[in-house]
Structures are given as structure tokens and as C-alpha cells.
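Trainee: Sharing model_30.csv below, CSV, C-alpha atoms and all ligand atoms:
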```
chain,number,residue,atom,x,y,z
A,148,MET,CA,-155.7,188.5,-23.3
A,149,ASN,CA,-152.1,189.4,-23.9
A,150,ARG,CA,-152.1,191.1,-20.5
A,151,GLU,CA,-153.2,187.9,-18.9
A,152,PHE,CA,-150.5,185.9,-20.6
A,153,ASP,CA,-147.9,188.4,-19.5
A,154,ASP,CA,-149.1,188.1,-15.9
A,155,LEU,CA,-149.0,184.4,-16.2
A,156,LEU,CA,-145.5,184.3,-17.4
A,157,HIS,CA,-144.4,186.8,-14.8
A,158,GLU,CA,-145.9,184.7,-12.1
A,159,LEU,CA,-144.2,181.6,-13.6
A,160,LYS,CA,-140.8,183.2,-13.6
A,161,GLN,CA,-141.2,184.2,-9.9
A,162,SER,CA,-142.1,180.7,-9.0
A,163,LEU,CA,-139.2,179.2,-11.0
A,164,LYS,CA,-136.8,181.6,-9.3
A,165,ILE,CA,-137.4,180.0,-5.9
A,166,ALA,CA,-137.7,176.4,-7.1
A,167,GLU,CA,-134.9,174.3,-5.8
A,168,ASN,CA,-135.5,170.7,-6.9
A,169,ASP,CA,-137.6,168.3,-9.0
A,170,TYR,CA,-140.3,168.3,-6.5
A,171,ASP,CA,-140.8,172.1,-6.7
A,172,LEU,CA,-140.6,171.9,-10.5
A,173,ASN,CA,-143.3,169.2,-10.7
A,174,ASN,CA,-145.6,171.3,-8.6
A,175,ILE,CA,-145.0,174.3,-10.8
A,176,ARG,CA,-145.6,172.2,-13.9
A,177,SER,CA,-149.0,171.0,-12.6
A,178,GLN,CA,-149.9,174.5,-11.4
A,179,PHE,CA,-149.2,176.1,-14.8
A,180,LEU,CA,-149.9,173.3,-17.2
A,181,GLY,CA,-152.1,170.8,-15.3
A,182,LYS,CA,-155.8,170.2,-15.7
A,183,LYS,CA,-156.7,172.9,-13.2
A,184,SER,CA,-154.3,175.5,-14.5
A,185,ARG,CA,-155.3,178.8,-15.9
A,186,ILE,CA,-154.2,177.8,-19.4
A,187,SER,CA,-156.5,174.7,-19.2
A,188,LYS,CA,-159.3,177.0,-18.2
A,189,MET,CA,-158.6,179.4,-21.1
A,190,MET,CA,-158.6,176.4,-23.5
A,191,LYS,CA,-162.1,175.5,-22.3
A,192,GLN,CA,-163.3,179.0,-23.1
A,193,ILE,CA,-162.4,178.5,-26.8
A,194,GLY,CA,-166.0,177.6,-27.5
A,195,SER,CA,-167.3,181.0,-26.4
A,196,ILE,CA,-165.0,182.8,-28.8
A,197,GLU,CA,-166.0,184.0,-32.2
A,198,PRO,CA,-165.2,181.2,-34.7
A,199,ALA,CA,-163.0,183.4,-36.8
A,200,LYS,CA,-160.8,184.2,-33.9
A,201,ARG,CA,-160.5,180.7,-32.7
A,202,PRO,CA,-157.5,179.5,-34.7
A,203,LEU,CA,-155.5,182.5,-33.6
A,204,PHE,CA,-156.6,182.0,-30.0
A,205,GLY,CA,-155.6,178.3,-30.2
A,206,LYS,CA,-152.3,179.2,-31.7
A,207,LYS,CA,-151.6,181.7,-29.0
A,208,ILE,CA,-152.5,179.3,-26.2
A,209,ASN,CA,-150.1,176.7,-27.7
A,210,GLU,CA,-147.3,179.2,-28.0
A,211,ILE,CA,-147.8,180.1,-24.4
A,212,LYS,CA,-147.9,176.4,-23.3
A,213,GLN,CA,-144.6,175.9,-25.2
A,214,GLN,CA,-143.1,178.9,-23.6
A,215,ILE,CA,-144.1,177.7,-20.1
A,216,ASP,CA,-142.7,174.3,-20.8
A,217,SER,CA,-139.4,175.6,-22.1
A,218,LEU,CA,-139.1,178.0,-19.1
A,219,ILE,CA,-139.6,175.0,-16.8
A,220,VAL,CA,-137.2,172.8,-18.7
A,221,SER,CA,-134.5,175.5,-18.7
A,222,ARG,CA,-134.9,176.0,-15.0
A,223,ALA,CA,-134.6,172.3,-14.5
A,224,ASP,CA,-131.4,172.3,-16.4
A,225,GLU,CA,-130.1,175.2,-14.3
A,226,ILE,CA,-131.0,173.4,-11.1
A,227,GLU,CA,-129.3,170.2,-12.3
A,228,GLN,CA,-126.2,172.0,-13.3
A,229,HIS,CA,-126.1,173.7,-9.9
A,230,GLN,CA,-126.5,170.4,-8.1
A,231,TYR,CA,-123.8,168.9,-10.1
A,232,GLU,CA,-121.4,171.7,-9.3
A,233,GLU,CA,-122.2,171.5,-5.7
A,234,THR,CA,-121.5,167.7,-5.6
A,235,LEU,CA,-118.3,168.3,-7.5
A,236,ALA,CA,-117.2,170.9,-5.0
A,237,LYS,CA,-118.2,168.7,-2.0
A,238,GLU,CA,-116.5,165.5,-3.3
A,239,GLN,CA,-113.4,167.2,-4.6
A,240,VAL,CA,-110.2,165.5,-3.6
A,241,ASP,CA,-107.3,167.7,-2.8
A,242,LEU,CA,-104.3,165.7,-3.8
A,243,THR,CA,-101.9,168.2,-2.3
A,244,MET,CA,-103.4,167.8,1.3
A,245,PRO,CA,-101.0,166.0,3.7
A,246,GLY,CA,-102.2,162.5,4.5
A,247,VAL,CA,-103.3,161.2,7.9
A,248,GLN,CA,-100.6,159.1,9.5
A,249,PRO,CA,-102.2,155.9,10.9
A,250,PRO,CA,-100.8,154.9,14.3
A,251,VAL,CA,-98.3,152.1,13.8
A,252,GLY,CA,-98.0,149.4,16.4
A,253,SER,CA,-94.6,148.3,17.7
A,254,LEU,CA,-93.2,145.0,19.1
A,255,HIS,CA,-92.9,144.6,22.8
A,256,PRO,CA,-89.2,144.7,23.9
A,257,LEU,CA,-89.5,141.2,25.3
A,258,THR,CA,-90.7,140.0,21.9
A,259,LEU,CA,-87.8,141.7,20.2
A,260,MET,CA,-85.5,140.1,22.7
A,261,ARG,CA,-87.0,136.7,22.3
A,262,ARG,CA,-86.5,136.9,18.5
A,263,GLU,CA,-82.9,138.1,18.9
A,264,LEU,CA,-82.1,135.3,21.4
A,265,GLU,CA,-83.6,132.7,19.2
A,266,ASP,CA,-81.6,134.0,16.2
A,267,ILE,CA,-78.4,134.0,18.2
A,268,PHE,CA,-78.8,130.4,19.6
A,269,ILE,CA,-80.0,129.0,16.3
A,270,SER,CA,-76.8,130.5,14.8
A,271,LEU,CA,-74.8,128.6,17.5
A,272,GLY,CA,-76.5,125.3,16.5
A,273,PHE,CA,-79.3,125.1,19.1
A,274,ASP,CA,-82.9,123.9,18.5
A,275,VAL,CA,-85.7,126.1,19.9
A,276,VAL,CA,-88.2,124.1,22.0
A,277,GLU,CA,-91.6,125.4,23.2
A,278,GLY,CA,-92.6,124.7,26.9
A,279,TYR,CA,-95.6,124.9,29.1
A,280,ASP,CA,-96.6,127.5,31.7
A,281,ILE,CA,-98.5,124.9,33.7
A,282,GLU,CA,-96.3,122.1,34.9
A,283,ASP,CA,-96.1,119.5,37.6
A,284,GLU,CA,-94.0,119.1,40.7
A,285,TYR,CA,-92.2,116.2,39.1
A,286,HIS,CA,-90.8,118.2,36.2
A,287,ASN,CA,-90.4,121.5,38.1
A,288,PHE,CA,-88.6,120.0,41.1
A,289,ASP,CA,-88.3,116.2,41.5
A,290,ALA,CA,-86.6,115.4,38.2
A,291,LEU,CA,-84.4,118.4,38.7
A,292,ASN,CA,-82.9,116.7,41.8
A,293,THR,CA,-84.6,119.2,44.2
A,294,PRO,CA,-84.9,117.8,47.7
A,295,GLU,CA,-88.4,117.5,49.3
A,296,ASN,CA,-87.4,120.2,51.9
A,297,HIS,CA,-85.9,122.7,49.4
A,298,PRO,CA,-87.3,126.2,50.2
A,299,ALA,CA,-88.3,126.9,46.5
A,300,ARG,CA,-90.9,124.1,46.9
A,301,ASN,CA,-92.6,126.1,49.6
A,302,GLU,CA,-96.2,127.2,48.9
A,303,MET,CA,-95.0,130.7,49.9
A,304,ASP,CA,-92.7,130.7,46.9
A,305,THR,CA,-94.3,128.6,44.2
A,306,PHE,CA,-97.9,129.0,42.9
A,307,TYR,CA,-99.6,125.6,43.2
A,308,ILE,CA,-102.8,125.0,41.3
A,309,LYS,CA,-105.6,123.6,43.5
A,310,ALA,CA,-106.4,119.9,42.7
A,311,SER,CA,-109.0,119.8,40.0
A,312,ASN,CA,-111.7,117.1,39.3
A,313,THR,CA,-109.3,115.5,36.8
A,314,ARG,CA,-106.7,114.8,39.4
A,315,PRO,CA,-106.9,112.6,42.5
A,316,LYS,CA,-107.0,114.9,45.5
A,317,GLN,CA,-104.1,113.2,47.2
A,318,SER,CA,-101.8,113.3,44.2
A,319,ASN,CA,-98.2,113.8,45.2
A,320,ASN,CA,-97.5,115.4,41.8
A,321,ARG,CA,-99.3,118.6,42.2
A,322,LEU,CA,-99.8,121.0,39.3
A,323,LEU,CA,-98.1,124.4,39.5
A,324,LEU,CA,-97.2,127.5,37.5
A,325,ARG,CA,-93.6,126.6,36.6
A,326,SER,CA,-91.0,128.6,38.6
A,327,GLN,CA,-88.2,128.0,36.1
A,328,THR,CA,-87.8,127.0,32.4
A,329,SER,CA,-85.5,124.2,33.6
A,330,THR,CA,-88.6,121.9,33.3
A,331,MET,CA,-87.8,121.9,29.6
A,332,GLN,CA,-84.4,120.3,30.0
A,333,VAL,CA,-86.1,117.4,31.8
A,334,ARG,CA,-88.8,117.1,29.1
A,335,THR,CA,-86.2,117.3,26.3
A,336,MET,CA,-84.0,114.6,27.9
A,337,GLU,CA,-87.0,112.4,28.6
A,338,ASN,CA,-87.9,112.4,24.9
A,339,ASN,CA,-84.5,112.6,23.2
A,340,GLN,CA,-81.2,110.8,23.4
A,341,PRO,CA,-77.9,112.8,22.9
A,342,PRO,CA,-76.7,114.7,21.0
A,343,ILE,CA,-79.0,117.3,22.4
A,344,LYS,CA,-78.6,121.1,21.9
A,345,MET,CA,-81.7,123.1,22.7
A,346,VAL,CA,-83.0,126.4,24.2
A,347,SER,CA,-86.5,127.1,25.4
A,348,ILE,CA,-87.8,130.6,26.2
A,349,GLY,CA,-90.9,131.2,28.3
A,350,ARG,CA,-92.7,132.7,31.2
A,351,CYS,CA,-92.1,131.7,34.8
A,352,TYR,CA,-93.9,132.5,38.0
A,353,ARG,CA,-92.8,133.0,41.6
A,354,ASN,CA,-94.5,134.5,44.6
A,355,ASP,CA,-92.2,137.6,44.6
A,356,LYS,CA,-93.3,141.0,45.7
A,357,PRO,CA,-93.0,143.4,42.7
A,358,ASP,CA,-90.3,146.0,42.9
A,359,LYS,CA,-87.7,147.5,40.5
A,360,SER,CA,-86.1,144.1,39.8
A,361,HIS,CA,-88.8,141.5,40.8
A,362,SER,CA,-92.1,140.5,39.3
A,363,PRO,CA,-94.4,137.6,40.2
A,364,PHE,CA,-94.0,136.5,36.5
A,365,PHE,CA,-90.9,136.9,34.5
A,366,HIS,CA,-89.1,135.2,31.6
A,367,GLN,CA,-86.2,132.7,31.4
A,368,MET,CA,-84.3,130.9,28.7
A,369,GLU,CA,-83.2,127.4,29.4
A,370,GLY,CA,-80.3,126.0,27.5
A,371,LEU,CA,-79.0,122.4,27.4
A,372,THR,CA,-76.3,120.6,25.6
A,373,VAL,CA,-75.7,116.9,26.1
A,374,ASP,CA,-73.1,114.8,24.2
A,375,GLU,CA,-69.9,112.8,24.7
A,376,GLY,CA,-67.1,114.9,26.1
A,377,ILE,CA,-68.9,118.1,26.9
A,378,ASN,CA,-67.1,120.0,29.7
A,379,PHE,CA,-67.3,123.3,31.6
A,380,LEU,CA,-65.1,125.1,29.0
A,381,ASP,CA,-67.8,124.5,26.4
A,382,LEU,CA,-70.3,126.1,28.8
A,383,ARG,CA,-68.1,129.1,29.4
A,384,ASP,CA,-67.4,129.4,25.7
A,385,ILE,CA,-71.1,129.4,24.7
A,386,LEU,CA,-72.1,131.9,27.3
A,387,ILE,CA,-69.3,134.3,26.4
A,388,LYS,CA,-70.2,133.9,22.7
A,389,PHE,CA,-73.8,134.7,23.5
A,390,ALA,CA,-72.9,137.8,25.6
A,391,ARG,CA,-70.7,139.2,22.9
A,392,LEU,CA,-73.3,138.7,20.2
A,393,MET,CA,-75.9,140.3,22.4
A,394,PHE,CA,-74.0,143.2,24.0
A,395,GLY,CA,-70.9,143.6,21.8
A,396,GLU,CA,-67.3,142.5,21.8
A,397,SER,CA,-66.2,144.7,24.7
A,398,ILE,CA,-68.6,143.2,27.2
A,399,GLN,CA,-67.1,142.4,30.6
A,400,TRP,CA,-68.4,139.2,32.3
A,401,ARG,CA,-67.6,137.0,35.3
A,402,PHE,CA,-68.5,133.5,36.7
A,403,ARG,CA,-69.2,133.0,40.4
A,404,PRO,CA,-69.4,129.6,42.0
A,405,HIS,CA,-73.0,128.8,43.1
A,406,TYR,CA,-75.3,125.9,43.9
A,407,PHE,CA,-78.2,124.5,41.9
A,408,PRO,CA,-79.6,121.1,42.8
A,409,PHE,CA,-79.5,120.0,39.1
A,410,THR,CA,-76.0,121.0,38.2
A,411,GLU,CA,-72.6,120.2,39.6
A,412,PRO,CA,-70.5,122.2,39.6
A,413,SER,CA,-72.7,125.3,39.3
A,414,ALA,CA,-72.0,129.0,38.6
A,415,GLU,CA,-73.7,132.3,38.2
A,416,PHE,CA,-73.0,134.4,35.2
A,417,ASP,CA,-72.7,138.2,35.6
A,418,ILE,CA,-72.3,141.1,33.3
A,419,ARG,CA,-70.9,144.6,34.0
A,420,CYS,CA,-73.6,147.0,35.1
A,421,PHE,CA,-74.9,149.2,32.2
A,422,LYS,CA,-75.6,152.1,34.5
A,423,CYS,CA,-72.5,152.6,36.5
A,424,TYR,CA,-69.9,150.4,34.6
A,425,GLY,CA,-68.7,149.0,37.9
A,426,GLU,CA,-68.8,152.0,40.2
A,427,GLY,CA,-71.8,150.7,42.1
A,428,CYS,CA,-75.3,152.0,41.8
A,429,SER,CA,-78.9,151.1,42.8
A,430,ILE,CA,-79.5,149.0,39.7
A,431,CYS,CA,-76.6,146.6,40.5
A,432,LYS,CA,-77.1,147.0,44.3
A,433,GLN,CA,-73.6,148.6,44.5
A,434,SER,CA,-71.8,145.5,43.2
A,435,GLY,CA,-71.0,146.8,39.7
A,436,TRP,CA,-72.3,143.5,38.3
A,437,ILE,CA,-75.7,142.3,37.1
A,438,GLU,CA,-76.5,138.6,37.4
A,439,ILE,CA,-78.1,137.4,34.2
A,440,GLY,CA,-78.3,133.7,34.8
A,441,GLY,CA,-77.2,130.4,36.4
A,442,ALA,CA,-75.4,127.5,34.8
A,443,GLY,CA,-73.5,124.3,35.4
A,444,MET,CA,-72.7,120.8,34.4
A,445,VAL,CA,-75.8,118.5,34.4
A,446,ASP,CA,-75.9,116.5,37.6
A,447,THR,CA,-75.5,112.8,37.1
A,448,ASN,CA,-78.6,112.3,39.3
A,449,VAL,CA,-80.7,114.2,36.6
A,450,PHE,CA,-79.3,112.0,33.9
A,451,ASP,CA,-80.2,108.9,35.9
A,452,ILE,CA,-83.8,110.2,36.4
A,453,VAL,CA,-84.4,110.9,32.7
A,454,GLY,CA,-82.7,107.8,31.5
A,455,ILE,CA,-79.5,109.1,29.9
A,456,ASP,CA,-76.3,107.1,30.4
A,457,SER,CA,-74.2,109.3,32.7
A,458,GLU,CA,-71.1,107.1,32.1
A,459,LYS,CA,-71.1,107.9,28.4
A,460,TYR,CA,-72.5,111.5,28.3
A,461,THR,CA,-71.9,114.8,29.9
A,462,GLY,CA,-73.8,118.0,29.4
A,463,TYR,CA,-74.1,121.6,30.5
A,464,ALA,CA,-77.2,123.6,31.2
A,465,PHE,CA,-77.9,127.3,31.7
A,466,GLY,CA,-80.8,129.5,32.6
A,467,LEU,CA,-80.8,133.1,31.7
A,468,GLY,CA,-83.1,135.9,33.1
A,469,ILE,CA,-84.6,137.3,29.9
A,470,ASP,CA,-86.1,140.4,31.6
A,471,ARG,CA,-82.7,141.3,33.1
A,472,ILE,CA,-81.1,140.9,29.7
A,473,THR,CA,-83.8,143.0,28.1
A,474,MET,CA,-83.3,145.7,30.7
A,475,LEU,CA,-79.6,145.6,30.2
A,476,LYS,CA,-79.8,145.8,26.4
A,477,TYR,CA,-82.4,148.6,26.3
A,478,ARG,CA,-81.3,150.4,29.5
A,479,ILE,CA,-84.7,149.8,31.2
A,480,PRO,CA,-84.4,150.8,34.9
A,481,ASP,CA,-87.5,149.0,36.3
A,482,ILE,CA,-88.8,145.5,35.4
A,483,ARG,CA,-92.4,146.6,36.0
A,484,LEU,CA,-92.2,148.8,32.9
A,485,LEU,CA,-92.2,145.5,30.9
A,486,PHE,CA,-95.5,144.5,32.3
A,487,GLU,CA,-97.5,147.7,32.7
A,488,ASN,CA,-98.2,148.2,28.9
A,489,ASP,CA,-97.8,151.9,29.1
A,490,LEU,CA,-97.9,152.9,25.4
A,491,ARG,CA,-95.5,155.8,26.0
A,492,PHE,CA,-93.0,153.2,27.0
A,493,LEU,CA,-93.8,150.6,24.4
A,494,GLU,CA,-93.8,153.0,21.5
A,495,GLN,CA,-90.1,153.5,21.9
A,496,PHE,CA,-89.4,150.0,20.6
A,497,ARG,CA,-89.6,149.6,16.8
A,501,LIG,N1,-83.5,127.5,36.9
A,501,LIG,C1,-82.5,128.3,37.6
A,501,LIG,C2,-83.2,129.5,38.3
A,501,LIG,O1,-84.3,129.7,38.0
A,501,LIG,C3,-81.5,128.9,36.6
A,501,LIG,C4,-80.6,127.8,36.2
A,501,LIG,C5,-79.4,127.6,36.9
A,501,LIG,C6,-80.9,127.0,35.1
A,501,LIG,C7,-78.5,126.7,36.4
A,501,LIG,C8,-80.0,126.1,34.7
A,501,LIG,C9,-78.8,125.9,35.4
A,501,LIG,O2,-80.2,125.3,33.6
A,501,LIG,O3,-77.9,125.0,34.9
A,501,LIG,O4,-82.6,130.1,39.1
```
Starting from the file, lay out its structure as C-alpha cells.
Mentor:
Amino acid sequence: MNREFDDLLHELKQSLKIAENDYDLNNIRSQFLGKKSRISKMMKQIGSIEPAKRPLFGKKINEIKQQIDSLIVSRADEIEQHQYEETLAKEQVDLTMPGVQPPVGSLHPLTLMRRELEDIFISLGFDVVEGYDIEDEYHNFDALNTPENHPARNEMDTFYIKASNTRPKQSNNRLLLRSQTSTMQVRTMENNQPPIKMVSIGRCYRNDKPDKSHSPFFHQMEGLTVDEGINFLDLRDILIKFARLMFGESIQWRFRPHYFPFTEPSAEFDIRCFKCYGEGCSICKQSGWIEIGGAGMVDTNVFDIVGIDSEKYTGYAFGLGIDRITMLKYRIPDIRLLFENDLRFLEQFR
């Protein structure tokens, strides 16, 4: 009998050694203690044993059952402890490990420039006005005193939008993608009486072939001041103030006489080339200067069209090329870089 018990325990220990989880342990428990186990069979034999030996036999069987149970329980504890340690090891956090740096986005140079320009002109007392990319011929040309036969009105230069269902086909006020932000001086004067002091930044569109300094869409900032007694010196003064705040006190600038239909007199405003400082290079087309905008005194015809008393008020207007200014400021040699969204380029602006 003892021999049989020893074999049983030996067998149990072997099984427990390879048990890995609760499932294995449950199987072992039913194999060694269940109804069909050898122990159960031995219990059933108790009737065939001499009555005097029965109590001892029963006691022995119970002892063995307890021994089996405690061996299974202690193996279960062991497995649980092992699993716990494994989980701990797996989930351990190493606080000394260097962190993973998440990629940080950056602002587009044109956005940086827009913010800087708005800050500068707000500090000079201007309001910031939002405009529209889609405009009509009236605000883009007619109200800006642009004659019917002006080349800029040509379909080769300006992107017209095909007549839609909502507009009469023969409308003589076609929709277009605005070719200049000057539309906003018209809209502002239509809706406000002087004193007016505003700037408006936005995208413009022209049918230009892309190259180093041209893009079919680009950005302008329109500025307008209308009040009693405004003269060309005020215009000169504000543009120089702006150039110094943007590029530094030592900036060199010049005005050149020019023609715009909506200003009289008109001028163009240039800044020394950032690349060659006046020597002449491909960026400034050998001139040593980079044109950054047009300007002039508001033409009395425009005042008449928008309904502002040109006997009482005068005003100046200017239009700056924002892409040019951004290129100057950040030393960007090709306008196309601003629109290609190459991350290697964009990441340089923080
Ligand atoms: N809109 C003009 C252009 O695109 C720039 C300009 C010139 C704007 C003179 C003005 C101005 O307001 O007075 O070339």
C-alpha cells in the first residue's frame, strides 16, 4: 500500500513540475483527486479490508489526499508568483530611458510674415481687414479706375470664373480670382467714411508662368489711409517706418516714379538686394534693388466712384508683395519654395 502511495506522489510531482497554469492544475486535480482517480478507487476498496484495519486505512487515505492537495496548492502559488514576476518584468518602466521626441510642427514663413506685418501695422494705427479671393471685375478693375482696354484685364493675365447658374450669362461684371488686394481699398471706402486707416493681407492670382520670382498665386498687402490733409510725405514716412521695423534701421530704400490707374502720382518702392547689397546679381536682376511694392496718392476718380468727397479728403494707398518681403527677410532665393511644402524647407522656420 505504501509503495502505491509513494508511486502516486512521485507521479503527481512529475505532473506538477510541468504544469504551467490553472488549466493544467485543474486537470491534475481531477486526475489525482477526482471521482475516477486512483485515490477514489482505493476508497471504494475499503469495504474489502479487514474491519480492524479500516480506520488506519481511512486515515492514511485522508493523509494522502491532504498531501496531494497541499502539493497542488503550493505549485499553484509557485505558478502565480512566477506569473506575477513575469508581468512585473514586462511592465517595468525604466525612468532613466531617454524619451521619444514627438515631431513638432512649425509655422509657414508666410504665416510668420503675416503675423509680423499685422503687428507692425497695428502698432502704426492701422485696422486689419479681411478680403475675398473671389472678386468681381468691378472691384478688381472698374472701381480702381482701370480702363476697359488695360492689358491686366486680359483673359491671358487674369483668371476669370466661368458664368455660373446664379449669374446672368451676359453679365458685364464677371467673377474672377482677384489679381490684387487693391479690391479691399474699394470695399473699405464703399462702406466707411474717413478717417480710414487699414491694411488687408491676402492671396492674389495671375496667369504667370512659375519661375524663381513668379507664381500664379502670391500674396499682397494693401494699405490705405484717407483723411483731411494726407499727402505724399505721409506715404513716404509710413513705408520707411515699416521697412525699418521689418528689416532694421540701416535698410536702404528708394522710390521710383511709376503709373497705376488708381493712384496719382504713383511710385514703386525698392529695397537694397539682400544677396548682393547693390553689386548686381540674379536675384535683383543686376539692378541692386528689389521692388517690394507700389504706392501713390488715391486718384480722385476712385474717390468719386466710391462716394468720398475728393474736395475734402486725400489719401494714400500702397500694395506690398508679401512673398518678396518674406524672401528678403528669410533669404529665400526662389518663390516656389514657399508653395512646394517641402518639409525640409518648412522645418527651418520656428
Ligand atoms: N495693386 C498693385 C499691383 O498689384 C500694387 C499697388 C500699387 C497697390 C499702388 C496700391 C497702390 O494700393 O497704390 O501691382
Trainee: 6 Å from ligand LIG 501 (chain A) is the threshold here; counting all atoms listed in the file, which polymer residues fall inside it? Answer as a list in words.
Mentor: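 So, counting all atoms listed in the file, the residues near ligand LIG 501 (chain A) are Gln327, Ser329, Glu369, Phe407, Thr410, Gly441, Ala442, Gly443, Ala464, Phe465 and Gly466 of chain A.
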Trainee: For C-alpha atoms, I'd like the residues from the last selection saved as a PDB file, keeping the file's coordinate frame.
Mentor:
```pdb
ATOM      1  CA  GLN A 327     -88.200 128.000  36.100  1.00  0.00           C
ATOM      2  CA  SER A 329     -85.500 124.200  33.600  1.00  0.00           C
ATOM      3  CA  GLU A 369     -83.200 127.400  29.400  1.00  0.00           C
ATOM      4  CA  PHE A 407     -78.200 124.500  41.900  1.00  0.00           C
ATOM      5  CA  THR A 410     -76.000 121.000  38.200  1.00  0.00           C
ATOM      6  CA  GLY A 441     -77.200 130.400  36.400  1.00  0.00           C
ATOM      7  CA  ALA A 442     -75.400 127.500  34.800  1.00  0.00           C
ATOM      8  CA  GLY A 443     -73.500 124.300  35.400  1.00  0.00           C
ATOM      9  CA  ALA A 464     -77.200 123.600  31.200  1.00  0.00           C
ATOM     10  CA  PHE A 465     -77.900 127.300  31.700  1.00  0.00           C
ATOM     11  CA  GLY A 466     -80.800 129.500  32.600  1.00  0.00           C
TER      12      GLY A 466
END
```
Trainee: Using only C-alpha atoms, pick whichever of A:Val453, A:Ile193, A:Ile430, A:Ile437 has the shortest atom-to-atom distance to Lys359 in chain A.
Mentor: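 With only C-alpha atoms as the atom set, the closest residue is A:Ile430.
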Trainee: Give one line per residue of range 205-296 of chain A that approaches range 150-158 of chain A to at most 9 Å, naming the two atoms of the closest pair and their distance in Å to one decimal, counting only C-alpha atoms; sort by chain then ascending residue number and deliver it as JSON lines.
Mentor:
```
{"residue": "A:Ile208", "atom": "CA", "partner": "A:Phe152", "partner_atom": "CA", "distance": 8.9}
{"residue": "A:Ile211", "atom": "CA", "partner": "A:Phe152", "partner_atom": "CA", "distance": 7.4}
{"residue": "A:Gln214", "atom": "CA", "partner": "A:Leu156", "partner_atom": "CA", "distance": 8.6}
{"residue": "A:Ile215", "atom": "CA", "partner": "A:Leu156", "partner_atom": "CA", "distance": 7.3}
```
Trainee: Ranking A:Gln213, A:Asn338, A:Gln230, A:Ser326 by minimum distance to Ala299 in chain A and counting all atoms listed in the file, which one comes first?
Mentor: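 Closest candidate: A:Ser326.
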Trainee: Using all atoms listed in the file, can you tell me which of A:Lys422, A:Lys309, A:Lys160, A:Arg491 comes closest to Leu323 in chain A?
Mentor: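 Distance minimum relative to Leu323 in chain A lands on A:Lys309.
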Trainee: Find the distance between CA of Cys351 in chain A and CA of Leu324 in chain A and write it in Å to one decimal.
Mentor: 7.1 Å
Trainee: Using 12 Å as the limit and counting only C-alpha atoms, can you tabulate each residue of range 297-411 of chain A that touches range 467-472 of chain A, with its shortest atom-to-atom distance in Å and the two atoms involved, as JSON lines?
Mentor:
```
{"residue": "A:Gln327", "atom": "CA", "partner": "A:Gly468", "partner_atom": "CA", "distance": 9.9}
{"residue": "A:Thr328", "atom": "CA", "partner": "A:Leu467", "partner_atom": "CA", "distance": 9.3}
{"residue": "A:Ser329", "atom": "CA", "partner": "A:Leu467", "partner_atom": "CA", "distance": 10.2}
{"residue": "A:Val346", "atom": "CA", "partner": "A:Leu467", "partner_atom": "CA", "distance": 10.3}
{"residue": "A:Ser347", "atom": "CA", "partner": "A:Leu467", "partner_atom": "CA", "distance": 10.4}
{"residue": "A:Ile348", "atom": "CA", "partner": "A:Ile469", "partner_atom": "CA", "distance": 8.3}
{"residue": "A:Gly349", "atom": "CA", "partner": "A:Ile469", "partner_atom": "CA", "distance": 8.9}
{"residue": "A:Arg350", "atom": "CA", "partner": "A:Ile469", "partner_atom": "CA", "distance": 9.4}
{"residue": "A:Cys351", "atom": "CA", "partner": "A:Gly468", "partner_atom": "CA", "distance": 10.1}
{"residue": "A:Lys359", "atom": "CA", "partner": "A:Arg471", "partner_atom": "CA", "distance": 10.9}
{"residue": "A:Ser360", "atom": "CA", "partner": "A:Arg471", "partner_atom": "CA", "distance": 8.0}
{"residue": "A:His361", "atom": "CA", "partner": "A:Asp470", "partner_atom": "CA", "distance": 9.7}
{"residue": "A:Ser362", "atom": "CA", "partner": "A:Asp470", "partner_atom": "CA", "distance": 9.8}
{"residue": "A:Phe364", "atom": "CA", "partner": "A:Asp470", "partner_atom": "CA", "distance": 10.1}
{"residue": "A:Phe365", "atom": "CA", "partner": "A:Asp470", "partner_atom": "CA", "distance": 6.6}
{"residue": "A:His366", "atom": "CA", "partner": "A:Ile469", "partner_atom": "CA", "distance": 5.2}
{"residue": "A:Gln367", "atom": "CA", "partner": "A:Gly468", "partner_atom": "CA", "distance": 4.8}
{"residue": "A:Met368", "atom": "CA", "partner": "A:Leu467", "partner_atom": "CA", "distance": 5.1}
{"residue": "A:Glu369", "atom": "CA", "partner": "A:Leu467", "partner_atom": "CA", "distance": 6.6}
{"residue": "A:Gly370", "atom": "CA", "partner": "A:Leu467", "partner_atom": "CA", "distance": 8.3}
{"residue": "A:Leu371", "atom": "CA", "partner": "A:Leu467", "partner_atom": "CA", "distance": 11.7}
{"residue": "A:Leu386", "atom": "CA", "partner": "A:Leu467", "partner_atom": "CA", "distance": 9.8}
{"residue": "A:Phe389", "atom": "CA", "partner": "A:Leu467", "partner_atom": "CA", "distance": 10.9}
{"residue": "A:Ala390", "atom": "CA", "partner": "A:Ile472", "partner_atom": "CA", "distance": 9.7}
{"residue": "A:Met393", "atom": "CA", "partner": "A:Ile472", "partner_atom": "CA", "distance": 9.0}
{"residue": "A:Phe394", "atom": "CA", "partner": "A:Ile472", "partner_atom": "CA", "distance": 9.4}
```
Trainee: In Å, how far is it from CA of Glu225 in chain A to CA of Arg185 in chain A?
Mentor: 25.5 Å
Trainee: Report, in Å to a single decimal, how far apart CA of Asp381 in chain A and CA of Ile418 in chain A are.
Mentor: 18.5 Å
Trainee: Could you tell me which of A:Gly454, A:Gln178, A:Met336, A:Pro412 comes closest to Val276 in chain A if we count all atoms listed in the file?
Mentor: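 For Val276 in chain A, the nearest of the candidates is A:Met336.
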Trainee: Rank A:Gln228, A:Cys420, A:Ala223, A:Glu438 by their smallest atom-to-atom distance to Arg478 in chain A, using all atoms listed in the file, and report the top residue only.
Mentor: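 So, comparing all the options, the nearest one is A:Cys420.
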